[in-house]
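Inspection log for the structure reproduced underneath, given as structure tokens.
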Amino acid sequence: MTEPSGSAPRQANKRGAARLAAVQALYQMDVAGSGLLEITAEYEAFRLGKEVDGALYREADAQWFRAILAGVVENQKTVDPVIRQSLTEDWPLSRLDSTLRAILRAGVYELMKREDVPVAVIVSEYVDIAKAFYSEEEPKLVNAVLDRVARRVRGEGRGKDAR
């Protein structure tokens, strides 16, 4: 099935690339302690749509990238407790590796603050990002956590509420 040439499919691809870049930038901020302005400038100048070490970064919606990155940083004090509530007691947020934390923070931020984006789109995009970094369990965890958060903050979701 091919779609007619138009902005909708391309926009989705650019947003998907922006989400992936935002997760990578959040990871880099977490591990290297880079600041928001520094990391945003680096990604926009040298990564988004550019070739880095032989790998071509897909063209991304820079505005969407900035919005996710800044949104996660600005709202981290409200995002992290929402993630913690959706994890099991034996898996605290601090036990998750930096990449998984970045994926969940970006996904939960979008669920909480970007009501213009459908839940199914957010969950599916971040599960796909998790699949790019992990094999089996982590994408399932991302799916479960984002689904629980979607039920809690938007009243939407597929599974049963854990509470």
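Ordering of the structure tokens sets the chain letters (A, B, ...), residue numbers begin anew at 1 in every chain, and ligands are numbered from 1 in the order given.
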
Tell me, as a PDB file with N, CA and C atoms, in the first residue's frame, which residues lie within 9 Å of stretch 24-34 of chain A, counting only C-alpha atoms; anything in the same chain fewer than 2 positions away does not count.
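Wrote it out as out-v7.pdb, contents follow:
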```pdb
ATOM      1  N   ARG A  19      11.902  11.705  17.722  1.00  0.00           N
ATOM      2  CA  ARG A  19      11.751  10.969  18.985  1.00  0.00           C
ATOM      3  C   ARG A  19      13.006  10.154  19.284  1.00  0.00           C
ATOM      4  N   LEU A  20      13.504   9.449  18.267  1.00  0.00           N
ATOM      5  CA  LEU A  20      14.716   8.649  18.445  1.00  0.00           C
ATOM      6  C   LEU A  20      15.892   9.542  18.841  1.00  0.00           C
ATOM      7  N   ALA A  21      16.064  10.658  18.153  1.00  0.00           N
ATOM      8  CA  ALA A  21      17.151  11.583  18.472  1.00  0.00           C
ATOM      9  C   ALA A  21      16.989  12.147  19.886  1.00  0.00           C
ATOM     10  N   ALA A  22      15.757  12.426  20.290  1.00  0.00           N
ATOM     11  CA  ALA A  22      15.517  12.949  21.639  1.00  0.00           C
ATOM     12  C   ALA A  22      15.901  11.914  22.692  1.00  0.00           C
ATOM     13  N   LEU A  36      21.049  20.968  28.576  1.00  0.00           N
ATOM     14  CA  LEU A  36      20.008  21.012  27.553  1.00  0.00           C
ATOM     15  C   LEU A  36      20.425  21.844  26.337  1.00  0.00           C
ATOM     16  N   LEU A  37      20.908  23.058  26.556  1.00  0.00           N
ATOM     17  CA  LEU A  37      21.269  23.920  25.431  1.00  0.00           C
ATOM     18  C   LEU A  37      22.429  23.338  24.641  1.00  0.00           C
ATOM     19  N   GLU A  38      23.412  22.810  25.352  1.00  0.00           N
ATOM     20  CA  GLU A  38      24.587  22.219  24.705  1.00  0.00           C
ATOM     21  C   GLU A  38      24.191  21.036  23.826  1.00  0.00           C
ATOM     22  N   ILE A  39      23.390  20.139  24.365  1.00  0.00           N
ATOM     23  CA  ILE A  39      23.019  18.926  23.631  1.00  0.00           C
ATOM     24  C   ILE A  39      22.088  19.254  22.473  1.00  0.00           C
ATOM     25  N   THR A  40      21.175  20.199  22.669  1.00  0.00           N
ATOM     26  CA  THR A  40      20.280  20.599  21.575  1.00  0.00           C
ATOM     27  C   THR A  40      21.084  21.177  20.421  1.00  0.00           C
ATOM     28  N   TYR A  43      23.059  18.353  18.547  1.00  0.00           N
ATOM     29  CA  TYR A  43      22.226  17.509  17.685  1.00  0.00           C
ATOM     30  C   TYR A  43      21.761  18.267  16.452  1.00  0.00           C
ATOM     31  N   LEU A  69      12.764  17.166  24.102  1.00  0.00           N
ATOM     32  CA  LEU A  69      13.936  17.313  24.967  1.00  0.00           C
ATOM     33  C   LEU A  69      13.681  18.332  26.073  1.00  0.00           C
ATOM     34  N   VAL A  72      10.884  17.091  28.543  1.00  0.00           N
ATOM     35  CA  VAL A  72      11.312  16.095  29.521  1.00  0.00           C
ATOM     36  C   VAL A  72      12.124  16.769  30.625  1.00  0.00           C
ATOM     37  N   VAL A  73      13.049  17.640  30.247  1.00  0.00           N
ATOM     38  CA  VAL A  73      13.891  18.311  31.243  1.00  0.00           C
ATOM     39  C   VAL A  73      13.039  19.181  32.170  1.00  0.00           C
ATOM     40  N   SER A  98      20.160   3.735  31.502  1.00  0.00           N
ATOM     41  CA  SER A  98      19.931   5.110  31.032  1.00  0.00           C
ATOM     42  C   SER A  98      19.104   5.182  29.757  1.00  0.00           C
ATOM     43  N   THR A  99      19.300   4.237  28.846  1.00  0.00           N
ATOM     44  CA  THR A  99      18.539   4.244  27.592  1.00  0.00           C
ATOM     45  C   THR A  99      17.065   3.999  27.865  1.00  0.00           C
ATOM     46  N   LEU A 100      16.775   3.024  28.698  1.00  0.00           N
ATOM     47  CA  LEU A 100      15.387   2.704  29.031  1.00  0.00           C
ATOM     48  C   LEU A 100      14.726   3.864  29.773  1.00  0.00           C
ATOM     49  N   ARG A 101      15.453   4.482  30.684  1.00  0.00           N
ATOM     50  CA  ARG A 101      14.925   5.665  31.390  1.00  0.00           C
ATOM     51  C   ARG A 101      14.608   6.774  30.394  1.00  0.00           C
ATOM     52  N   ALA A 102      15.494   6.992  29.426  1.00  0.00           N
ATOM     53  CA  ALA A 102      15.279   8.048  28.426  1.00  0.00           C
ATOM     54  C   ALA A 102      14.027   7.755  27.592  1.00  0.00           C
ATOM     55  N   ILE A 103      13.854   6.513  27.178  1.00  0.00           N
ATOM     56  CA  ILE A 103      12.677   6.127  26.386  1.00  0.00           C
ATOM     57  C   ILE A 103      11.402   6.373  27.191  1.00  0.00           C
ATOM     58  N   ARG A 105      10.949   8.309  29.865  1.00  0.00           N
ATOM     59  CA  ARG A 105      10.739   9.730  30.164  1.00  0.00           C
ATOM     60  C   ARG A 105      10.143  10.457  28.960  1.00  0.00           C
ATOM     61  N   ALA A 106      10.663  10.196  27.779  1.00  0.00           N
ATOM     62  CA  ALA A 106      10.138  10.858  26.584  1.00  0.00           C
ATOM     63  C   ALA A 106       8.697  10.421  26.309  1.00  0.00           C
TER      64      ALA A 106
END
```

- Message: Can you tell me, as a ChimeraX atom specification, which residues in chain A count as alpha helix (DSSP H) by DSSP?
- Response: /A:7-32,36-46,62-86,98-113,119-133,137-154

As a ChimeraX atom specification, please: the residues near A:Ala62 (cut-off 9 Å, only C-alpha atoms, same-chain neighbours under 3 positions excluded). /A:14-15,18,44,48,59,65-67

For those residues, write all heavy atoms to a file as a tab-separated table (two decimals), in the first residue's frame.
```
chain	number	residue	atom	x	y	z
A	14	LYS	N	9.54	12.09	10.11
A	14	LYS	CA	10.38	13.12	10.73
A	14	LYS	C	10.14	13.19	12.24
A	14	LYS	O	11.07	13.40	13.01
A	14	LYS	CB	10.12	14.49	10.10
A	14	LYS	CG	10.72	14.64	8.73
A	14	LYS	CD	10.52	16.05	8.22
A	14	LYS	CE	11.23	16.26	6.90
A	14	LYS	NZ	11.17	17.66	6.48
A	15	ARG	N	8.91	12.99	12.66
A	15	ARG	CA	8.63	12.98	14.10
A	15	ARG	C	9.23	11.74	14.75
A	15	ARG	O	9.75	11.81	15.86
A	15	ARG	CB	7.12	13.04	14.37
A	15	ARG	CG	6.59	14.44	14.26
A	15	ARG	CD	5.18	14.52	14.80
A	15	ARG	NE	4.73	15.90	14.79
A	15	ARG	CZ	3.54	16.28	15.23
A	15	ARG	NH1	2.69	15.39	15.69
A	15	ARG	NH2	3.20	17.54	15.20
A	18	ALA	N	12.77	12.37	15.16
A	18	ALA	CA	12.96	13.34	16.24
A	18	ALA	C	12.84	12.65	17.60
A	18	ALA	O	13.61	12.96	18.53
A	18	ALA	CB	11.92	14.46	16.13
A	44	GLU	N	21.36	19.50	16.62
A	44	GLU	CA	20.88	20.26	15.46
A	44	GLU	C	22.00	20.58	14.49
A	44	GLU	O	21.79	20.58	13.28
A	44	GLU	CB	20.15	21.51	15.94
A	44	GLU	CG	18.81	21.17	16.57
A	44	GLU	CD	18.01	22.38	16.97
A	44	GLU	OE1	18.47	23.52	16.78
A	44	GLU	OE2	16.90	22.18	17.49
A	48	LEU	N	21.13	15.67	13.43
A	48	LEU	CA	19.84	15.54	12.75
A	48	LEU	C	20.01	15.69	11.23
A	48	LEU	O	20.40	16.74	10.75
A	48	LEU	CB	18.84	16.58	13.27
A	48	LEU	CG	18.54	16.55	14.77
A	48	LEU	CD1	17.51	17.61	15.11
A	48	LEU	CD2	18.08	15.18	15.22
A	59	GLU	N	16.51	12.54	8.57
A	59	GLU	CA	16.06	13.92	8.75
A	59	GLU	C	14.95	13.92	9.79
A	59	GLU	O	14.05	13.09	9.75
A	59	GLU	CB	15.54	14.46	7.41
A	59	GLU	CG	15.32	15.94	7.43
A	59	GLU	CD	14.89	16.47	6.07
A	59	GLU	OE1	15.16	15.81	5.05
A	59	GLU	OE2	14.26	17.53	6.06
A	65	PHE	N	11.86	17.58	18.08
A	65	PHE	CA	13.02	17.15	18.87
A	65	PHE	C	13.24	18.09	20.06
A	65	PHE	O	13.34	17.64	21.20
A	65	PHE	CB	14.27	17.13	17.96
A	65	PHE	CG	15.57	17.03	18.71
A	65	PHE	CD1	16.00	15.82	19.23
A	65	PHE	CD2	16.38	18.14	18.87
A	65	PHE	CE1	17.20	15.72	19.92
A	65	PHE	CE2	17.58	18.05	19.55
A	65	PHE	CZ	17.99	16.84	20.08
A	66	ARG	N	13.26	19.39	19.79
A	66	ARG	CA	13.46	20.38	20.86
A	66	ARG	C	12.33	20.32	21.89
A	66	ARG	O	12.57	20.44	23.08
A	66	ARG	CB	13.54	21.80	20.28
A	66	ARG	CG	14.86	22.12	19.63
A	66	ARG	CD	14.98	23.60	19.28
A	66	ARG	NE	13.94	24.08	18.39
A	66	ARG	CZ	14.00	24.06	17.07
A	66	ARG	NH1	15.06	23.59	16.47
A	66	ARG	NH2	13.01	24.52	16.34
A	67	ALA	N	11.10	20.17	21.41
A	67	ALA	CA	9.94	20.14	22.31
A	67	ALA	C	10.01	18.95	23.26
A	67	ALA	O	9.75	19.09	24.46
A	67	ALA	CB	8.64	20.11	21.51
```

Q: Can you work out the spacing between atom CA of A:Asp90 and atom CA of A:Leu146 in Å, to one decimal?
A: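 Computing the Euclidean distance for atom CA of A:Asp90 and atom CA of A:Leu146 yields 17.8 Å.
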
Review point. When distances are computed from only C-alpha atoms, which of A:Ala120, A:Gly155, A:Asp97, A:Ile83 shows the smallest separation from A:Tyr134?
Key: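 Smallest distance to A:Tyr134 is found for A:Asp97.
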
Computed gap from atom CA of A:Asp80 to atom CA of A:Val149 is 11.4 Å

Long-range neighbours of stretch 138-143 of chain A as a VMD selection string, 8 Å cut-off, only C-alpha atoms, 3 positions minimum in chain
chain A and resid 100 103 to 104 123 to 124 126 to 128 130 to 131 134 to 135 146 to 147

Give me a file of those residues, with N, CA, C and O atoms, as a short mmCIF file (atom, residue, chain, number, x, y, z; two decimals), in the first residue's frame.
```
data_model
loop_
_atom_site.label_atom_id
_atom_site.label_comp_id
_atom_site.auth_asym_id
_atom_site.auth_seq_id
_atom_site.Cartn_x
_atom_site.Cartn_y
_atom_site.Cartn_z
N LEU A 100 16.78 3.02 28.70
CA LEU A 100 15.39 2.70 29.03
C LEU A 100 14.73 3.86 29.77
O LEU A 100 13.57 4.21 29.50
N ILE A 103 13.85 6.51 27.18
CA ILE A 103 12.68 6.13 26.39
C ILE A 103 11.40 6.37 27.19
O ILE A 103 10.44 6.97 26.69
N LEU A 104 11.39 5.92 28.43
CA LEU A 104 10.19 6.08 29.27
C LEU A 104 9.92 7.54 29.58
O LEU A 104 8.76 7.97 29.55
N VAL A 123 2.70 5.24 22.11
CA VAL A 123 3.12 3.92 22.60
C VAL A 123 3.86 3.16 21.51
O VAL A 123 4.96 2.64 21.74
N SER A 124 3.31 3.12 20.33
CA SER A 124 3.92 2.37 19.24
C SER A 124 5.29 2.93 18.85
O SER A 124 6.24 2.18 18.65
N TYR A 126 7.46 4.63 20.76
CA TYR A 126 8.48 4.38 21.78
C TYR A 126 8.76 2.89 21.96
O TYR A 126 9.88 2.52 22.31
N VAL A 127 7.80 2.02 21.70
CA VAL A 127 8.08 0.58 21.70
C VAL A 127 9.02 0.27 20.54
O VAL A 127 9.98 -0.50 20.70
N ASP A 128 8.81 0.88 19.38
CA ASP A 128 9.72 0.69 18.24
C ASP A 128 11.13 1.18 18.57
O ASP A 128 12.12 0.54 18.20
N ALA A 130 12.43 1.26 21.56
CA ALA A 130 12.97 0.25 22.48
C ALA A 130 13.47 -0.96 21.71
O ALA A 130 14.53 -1.52 22.02
N LYS A 131 12.73 -1.37 20.67
CA LYS A 131 13.14 -2.53 19.86
C LYS A 131 14.44 -2.25 19.11
O LYS A 131 15.18 -3.18 18.79
N TYR A 134 16.92 -2.91 22.18
CA TYR A 134 16.80 -4.11 22.99
C TYR A 134 16.08 -5.21 22.21
O TYR A 134 15.41 -4.94 21.23
N SER A 135 16.18 -6.43 22.76
CA SER A 135 15.50 -7.53 22.08
C SER A 135 14.10 -7.78 22.61
O SER A 135 13.13 -7.34 22.03
N LEU A 146 3.99 2.45 29.44
CA LEU A 146 3.27 3.52 28.72
C LEU A 146 1.78 3.26 28.69
O LEU A 146 0.98 4.20 28.78
N ASP A 147 1.38 2.00 28.61
CA ASP A 147 -0.05 1.68 28.63
C ASP A 147 -0.66 2.03 29.99
O ASP A 147 -1.74 2.62 30.06
#
```

When DSSP works through the backbone of this structure, what residues of stretch 28-125 of chain A end up as strand (DSSP E or B), shown as a short mmCIF file (atom, residue, chain, number, x, y, z; two decimals) with N, CA and C atoms, in the first residue's frame?
```
data_model
loop_
_atom_site.label_atom_id
_atom_site.label_comp_id
_atom_site.auth_asym_id
_atom_site.auth_seq_id
_atom_site.Cartn_x
_atom_site.Cartn_y
_atom_site.Cartn_z
N GLU A 51 25.48 12.86 8.57
CA GLU A 51 26.22 11.61 8.68
C GLU A 51 27.18 11.71 9.86
N VAL A 52 27.14 10.71 10.74
CA VAL A 52 28.02 10.68 11.90
C VAL A 52 28.68 9.31 11.95
N ALA A 55 27.30 6.59 9.76
CA ALA A 55 25.86 6.32 9.86
C ALA A 55 25.10 7.61 9.55
N LEU A 56 24.10 7.49 8.72
CA LEU A 56 23.31 8.65 8.35
C LEU A 56 22.12 8.77 9.28
#
```

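Going from atom CA of A:Trp91 over to atom CA of A:Gly107, you cover 18.0 Å.
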